[in-house]
Amino acid sequence: MTKGAKKPETRLVTAGRKPEENHGIINPPVYHASTILHPTMKVLKEASQPYTYGRRLTPTIAALQDAVCDLEGGFGTVITPSGLSAVTTALLAHLKTGDHVLVTDSVYGPSRSFCEQMLTKLGIEVEFYDPLIGGGISELMKDNTRVVFTESPGSQTFEVQDIPAIAEAAHERGAIVMLDNTWATPLFFDAFEHGADISIQAATKYIVGHSDVMMGTITCNERTWKTTLRHHGLLGVTTGPDDMYLALRGLRTMGVRLKQHMETGINLARWFAARPEVKYILHPALDTDEGHPIWKRDFKGASGLFGVVLHPVSDKALAAMLDGLELFGMGFSWGGYESLIVPAEPHRTATTWREEGKLLRVHAGLENMDDLIADLEAGFDRLNKET
Ligand SMILES: *Cc1c(COP(=O)(O)O)cnc(C)c1O
């Protein structure tokens with residue numbers, strides 16, 4: 001499937017829907033299925049009907065796959081039960097014993113753990129690289145490098161990667177480029193236009209958008225599609241239909257939600273930047289950010305997740321601030337309608353995280369901006385009383 005002529009906001013509304021096949025009903029039905037009956041032995045043997053077994057494909061799965069694929073402008077999409085399983089399925093599909101994989105040092109923590117603990121166990125050589133390496137990655141490419149894994153901006157530290165330069169270097173040596181595109185979504189970063197061969201999303205975040213479902217998507221170009229689809233099938237990866245329905249429902253409003261997350265996120269980041277307790281902000285949309293030039297060149301927007309580096313402060317003072325917040329919850333994941341704040345501790349091996357000061361990861365939810373600021377102001381008051 002290729003990107004249609006319609007704009008992304010329109011495709012969010014129309015993609016994956018076939019009301020004419022369903023009594024005119026707007027939304028696709030939720031098909032609960034394991035067994036799917038075949039009318040004759042011939043059809044069964046030849047698997048010549050579109051749906052053969054619930055794990056493989058149902059109209060509910062097809063609707064979500066088509067919608068995500070259309071939005072991404074990819075060739076094919078598969079759905080997985082979590083964002084992490086999208087990362088692991090894609091890596092397992094394209095790597096084998098004896099291969100070498102380059103992984104950005106700013107990668108999402110559990111993706112790092114999978115590479116370090118599972119891929120190495122399978123005899124795959126894992127090498128982490130500086131997220132800001134750009135075209136310099138060509139120096140790390142070996143004859144057996146099959147995959148370059150990217151994530152932009154990086155988890156927790158928000159480095160913007162030069163994906164076109166990395167892709168050019170990788171493709172020159174025959175490797176494929178995977179991108180964890182969860183932060184920007186295809187609305188704000190076009191993975192394929194910038195050279196990625198596989199675009200991964202933790203749909204748990206912005207597609208689902210309501211903090212109630214775990215899901216991942218793997219969207220491929222033509223080159224990577226067959227191998228990905230085959231291994232997704234081999235691994236038996238499948239997702240429940242009610243969750244898929246919720247993801248499809250979330251997708252329809254992702255455009256308007258993201259715009260608001262972006263606006264509140266940028267406003268909050270600017271507000272934090274002006275606070276005396278704050279050393280600096282990690283948010284690619286701010287022109288003070290070192291990733292801003294590449295973000296401006298390649299991205300169409302920013303989501304609601306960013307980092308705040310504080311001047312050194314005690315654990316006790318920080319706890320006084322965070323424990324008492326009313327609107328900002330402390331918890332993992334993000335991309336839902338509610339604001340979140342968590343202390344972050346980047347783990348690095350190829351580079352060193354430069355900061356001694358505490359790092360906070362903030363997710364701007366859909367609450368009113370003034371209420372959010374009042375909550376944070378009271379939080380900083382508590383922090384300052386403890387210091
Ligand atoms: C959350 C997240 C994942 C994993 O998604 P889950 O659905 O929690 O498994 C992967 N990559 C990034 C960048 C994430 O933020």
# chains A, B, ... in the order shown; residues from 1 in each chain; ligands from 1
>>> residues_near_ligand(ligand="ligand 1", cutoff="10 Å", atoms="only C-alpha atoms and all ligand atoms", output="PyMOL selection string")
chain A and resi 80-88+106-111+151-156+179-184+200-206+213-217+305+332-335
>>> residues_around(residues="Thr219 (chain A)", least_positions_apart="5", cutoff="6 Å", atoms="only C-alpha atoms", output="list in words")
Gly74, Gly76, Thr77, Ile198 and Ser199 of chain A
>>> closest_residue(among="A:Thr40, A:Thr224, A:Gln161, A:Thr349", to="Pro284 (chain A)", atoms="only C-alpha atoms")
A:Gln161
>>> select_by_dssp(residues="region 186-216 of chain A", states="strand (DSSP E)", output="PyMOL selection string")
chain A and resi 198-202+216
>>> write_last_selection(atoms="C-alpha atoms", output="mmCIF file, in the first residue's frame")
data_model
loop_
_atom_site.group_PDB
_atom_site.id
_atom_site.type_symbol
_atom_site.label_atom_id
_atom_site.label_comp_id
_atom_site.auth_asym_id
_atom_site.auth_seq_id
_atom_site.Cartn_x
_atom_site.Cartn_y
_atom_site.Cartn_z
ATOM 1 C CA ILE A 198 11.043 -0.741 9.014
ATOM 2 C CA SER A 199 9.051 1.662 11.199
ATOM 3 C CA ILE A 200 8.054 0.437 14.647
ATOM 4 C CA GLN A 201 5.533 2.020 16.967
ATOM 5 C CA ALA A 202 4.590 1.219 20.526
ATOM 6 C CA GLY A 216 2.906 -2.628 18.849
#
>>> atom_distance(atom1="CA of Asp381 (chain A)", atom2="CA of Val313 (chain A)")
13.3 Å
>>> closest_residue(among="A:Phe158, A:Ala191, A:His363, A:Ala170", to="His292 (chain A)", atoms="only C-alpha atoms")
A:Phe158
>>> closest_atom_pairs(of="region 160-252 of chain A", to="region 256-264 of chain A", cutoff="9 Å", atoms="only C-alpha atoms", output="CSV")
residue,atom,partner,partner_atom,distance
A:Leu187,CA,A:Leu258,CA,8.7
A:Tyr206,CA,A:Leu258,CA,7.7
A:Gly209,CA,A:Arg257,CA,8.3
A:Arg252,CA,A:Val256,CA,9.0
>>> write_last_selection(atoms="all heavy atoms", output="CSV table (one decimal), in the first residue's frame")
chain,number,residue,atom,x,y,z
A,187,LEU,N,2.7,10.7,11.8
A,187,LEU,CA,2.2,12.1,11.6
A,187,LEU,C,3.3,13.1,11.6
A,187,LEU,O,3.2,14.1,10.9
A,187,LEU,CB,1.1,12.4,12.6
A,187,LEU,CG,-0.2,11.7,12.5
A,187,LEU,CD1,-1.2,12.2,13.6
A,187,LEU,CD2,-0.8,12.0,11.1
A,206,TYR,N,0.7,6.6,21.6
A,206,TYR,CA,-0.2,7.6,21.0
A,206,TYR,C,-1.4,7.0,20.2
A,206,TYR,O,-2.4,7.6,20.1
A,206,TYR,CB,0.5,8.6,20.2
A,206,TYR,CG,1.2,9.6,21.0
A,206,TYR,CD1,2.6,9.8,21.0
A,206,TYR,CD2,0.5,10.4,21.9
A,206,TYR,CE1,3.2,10.7,21.8
A,206,TYR,CE2,1.1,11.3,22.8
A,206,TYR,CZ,2.5,11.5,22.7
A,206,TYR,OH,3.1,12.4,23.5
A,209,GLY,N,-3.6,5.7,23.0
A,209,GLY,CA,-3.8,7.1,23.5
A,209,GLY,C,-4.6,7.2,24.8
A,209,GLY,O,-4.9,8.3,25.3
A,252,ARG,N,-8.4,7.2,15.3
A,252,ARG,CA,-9.2,8.2,14.6
A,252,ARG,C,-9.0,9.6,15.2
A,252,ARG,O,-9.2,10.6,14.5
A,252,ARG,CB,-10.7,7.8,14.7
A,252,ARG,CG,-11.0,6.4,14.2
A,252,ARG,CD,-10.8,6.2,12.8
A,252,ARG,NE,-11.0,4.9,12.4
A,252,ARG,CZ,-10.4,4.3,11.3
A,252,ARG,NH1,-9.6,5.0,10.6
A,252,ARG,NH2,-10.7,3.1,11.0
>>> residues_around(residues="Phe189 (chain A)", least_positions_apart="4", cutoff="8 Å", atoms="only C-alpha atoms", output="ChimeraX atom specification")
/A:181,184-185,298-301
>>> residues_around(residues="region 240-244 of chain A", least_positions_apart="6", cutoff="7 Å", atoms="only C-alpha atoms", output="PyMOL selection string")
chain A and resi 30-32+60-61+64+213
>>> closest_residue(among="A:Leu95, A:Leu102, A:Ile25, A:Cys220", to="Ala350 (chain A)", atoms="only C-alpha atoms")
A:Leu102
>>> residues_around(residues="Phe149 (chain A)", least_positions_apart="2", cutoff="6 Å", atoms="only C-alpha atoms", output="VMD selection string")
chain A and resid 103 177 to 178
>>> write_last_selection(atoms="all heavy atoms", output="PDB file, in the first residue's frame")
ATOM      1  N   VAL A 103      23.126  -0.731  17.390  1.00  0.00           N
ATOM      2  CA  VAL A 103      21.954  -0.238  18.119  1.00  0.00           C
ATOM      3  C   VAL A 103      22.301   1.105  18.765  1.00  0.00           C
ATOM      4  O   VAL A 103      23.351   1.231  19.397  1.00  0.00           O
ATOM      5  CB  VAL A 103      21.533  -1.247  19.226  1.00  0.00           C
ATOM      6  CG1 VAL A 103      20.293  -0.753  19.968  1.00  0.00           C
ATOM      7  CG2 VAL A 103      21.292  -2.633  18.636  1.00  0.00           C
ATOM      8  N   VAL A 177      17.626  -0.572   7.895  1.00  0.00           N
ATOM      9  CA  VAL A 177      17.481   0.382   8.993  1.00  0.00           C
ATOM     10  C   VAL A 177      16.104   0.205   9.631  1.00  0.00           C
ATOM     11  O   VAL A 177      15.084   0.268   8.950  1.00  0.00           O
ATOM     12  CB  VAL A 177      17.642   1.828   8.480  1.00  0.00           C
ATOM     13  CG1 VAL A 177      17.395   2.827   9.603  1.00  0.00           C
ATOM     14  CG2 VAL A 177      19.024   2.020   7.873  1.00  0.00           C
ATOM     15  N   MET A 178      16.113  -0.030  10.942  1.00  0.00           N
ATOM     16  CA  MET A 178      14.863  -0.060  11.704  1.00  0.00           C
ATOM     17  C   MET A 178      14.781   1.208  12.530  1.00  0.00           C
ATOM     18  O   MET A 178      15.785   1.666  13.072  1.00  0.00           O
ATOM     19  CB  MET A 178      14.834  -1.260  12.653  1.00  0.00           C
ATOM     20  CG  MET A 178      14.860  -2.585  11.936  1.00  0.00           C
ATOM     21  SD  MET A 178      14.729  -3.951  13.113  1.00  0.00           S
ATOM     22  CE  MET A 178      15.024  -5.317  11.991  1.00  0.00           C
TER      23      MET A 178
END
>>> select_by_dssp(residues="region 105-352 of chain A", states="helix (DSSP H, G or I)", output="VMD selection string")
chain A and resid 109 to 119 134 to 140 163 to 172 185 to 188 222 to 235 241 to 252 254 to 273 292 to 298 315 to 323
>>> residues_around(residues="Glu127 (chain A)", least_positions_apart="6", cutoff="12 Å", atoms="only C-alpha atoms", output="count of residues only")
25
>>> closest_residue(among="A:Phe306, A:Phe192, A:Tyr337, A:Tyr245", to="Ile176 (chain A)", atoms="only C-alpha atoms")
A:Phe192
>>> atom_distance(atom1="CA of Pro312 (chain A)", atom2="CA of Phe328 (chain A)")
21.5 Å
>>> residues_around(residues="Thr157 (chain A)", least_positions_apart="4", cutoff="9 Å", atoms="only C-alpha atoms", output="ChimeraX atom specification")
/A:106,153,282,306-307,344,346,353,359,361
>>> atom_distance(atom1="CA of Asn144 (chain A)", atom2="CA of Ala169 (chain A)")
14.2 Å
>>> closest_residue(among="A:Arg173, A:Thr89, A:Glu386, A:Leu248", to="Pro28 (chain A)", atoms="only C-alpha atoms")
A:Leu248
>>> decode(residues="region 31-42 of chain A", atoms="N, CA and C atoms", output="mmCIF file, in the first residue's frame")
data_model
loop_
_atom_site.group_PDB
_atom_site.id
_atom_site.type_symbol
_atom_site.label_atom_id
_atom_site.label_comp_id
_atom_site.auth_asym_id
_atom_site.auth_seq_id
_atom_site.Cartn_x
_atom_site.Cartn_y
_atom_site.Cartn_z
ATOM 1 N N TYR A 31 -14.220 -9.156 15.446
ATOM 2 C CA TYR A 31 -14.330 -10.603 15.211
ATOM 3 C C TYR A 31 -13.498 -11.351 16.230
ATOM 4 N N HIS A 32 -14.166 -12.097 17.095
ATOM 5 C CA HIS A 32 -13.466 -13.001 18.004
ATOM 6 C C HIS A 32 -13.329 -14.325 17.292
ATOM 7 N N ALA A 33 -12.129 -14.777 17.046
ATOM 8 C CA ALA A 33 -12.005 -16.007 16.264
ATOM 9 C C ALA A 33 -10.740 -16.780 16.586
ATOM 10 N N SER A 34 -10.901 -18.087 16.716
ATOM 11 C CA SER A 34 -9.760 -18.997 16.558
ATOM 12 C C SER A 34 -10.059 -19.784 15.287
ATOM 13 N N THR A 35 -11.013 -20.715 15.371
ATOM 14 C CA THR A 35 -11.373 -21.516 14.197
ATOM 15 C C THR A 35 -12.117 -20.682 13.159
ATOM 16 N N ILE A 36 -11.719 -20.861 11.930
ATOM 17 C CA ILE A 36 -12.443 -20.275 10.803
ATOM 18 C C ILE A 36 -12.773 -21.430 9.860
ATOM 19 N N LEU A 37 -14.044 -21.603 9.516
ATOM 20 C CA LEU A 37 -14.469 -22.770 8.731
ATOM 21 C C LEU A 37 -14.188 -22.585 7.241
ATOM 22 N N HIS A 38 -13.869 -23.678 6.600
ATOM 23 C CA HIS A 38 -13.647 -23.714 5.155
ATOM 24 C C HIS A 38 -14.760 -24.535 4.519
ATOM 25 N N PRO A 39 -15.283 -24.097 3.379
ATOM 26 C CA PRO A 39 -16.449 -24.781 2.813
ATOM 27 C C PRO A 39 -16.118 -26.139 2.195
ATOM 28 N N THR A 40 -14.900 -26.294 1.678
ATOM 29 C CA THR A 40 -14.548 -27.560 1.022
ATOM 30 C C THR A 40 -13.125 -27.947 1.388
ATOM 31 N N MET A 41 -12.803 -29.207 1.140
ATOM 32 C CA MET A 41 -11.451 -29.680 1.387
ATOM 33 C C MET A 41 -10.448 -28.941 0.489
ATOM 34 N N LYS A 42 -10.897 -28.641 -0.712
ATOM 35 C CA LYS A 42 -10.020 -27.948 -1.658
ATOM 36 C C LYS A 42 -9.607 -26.575 -1.111
#
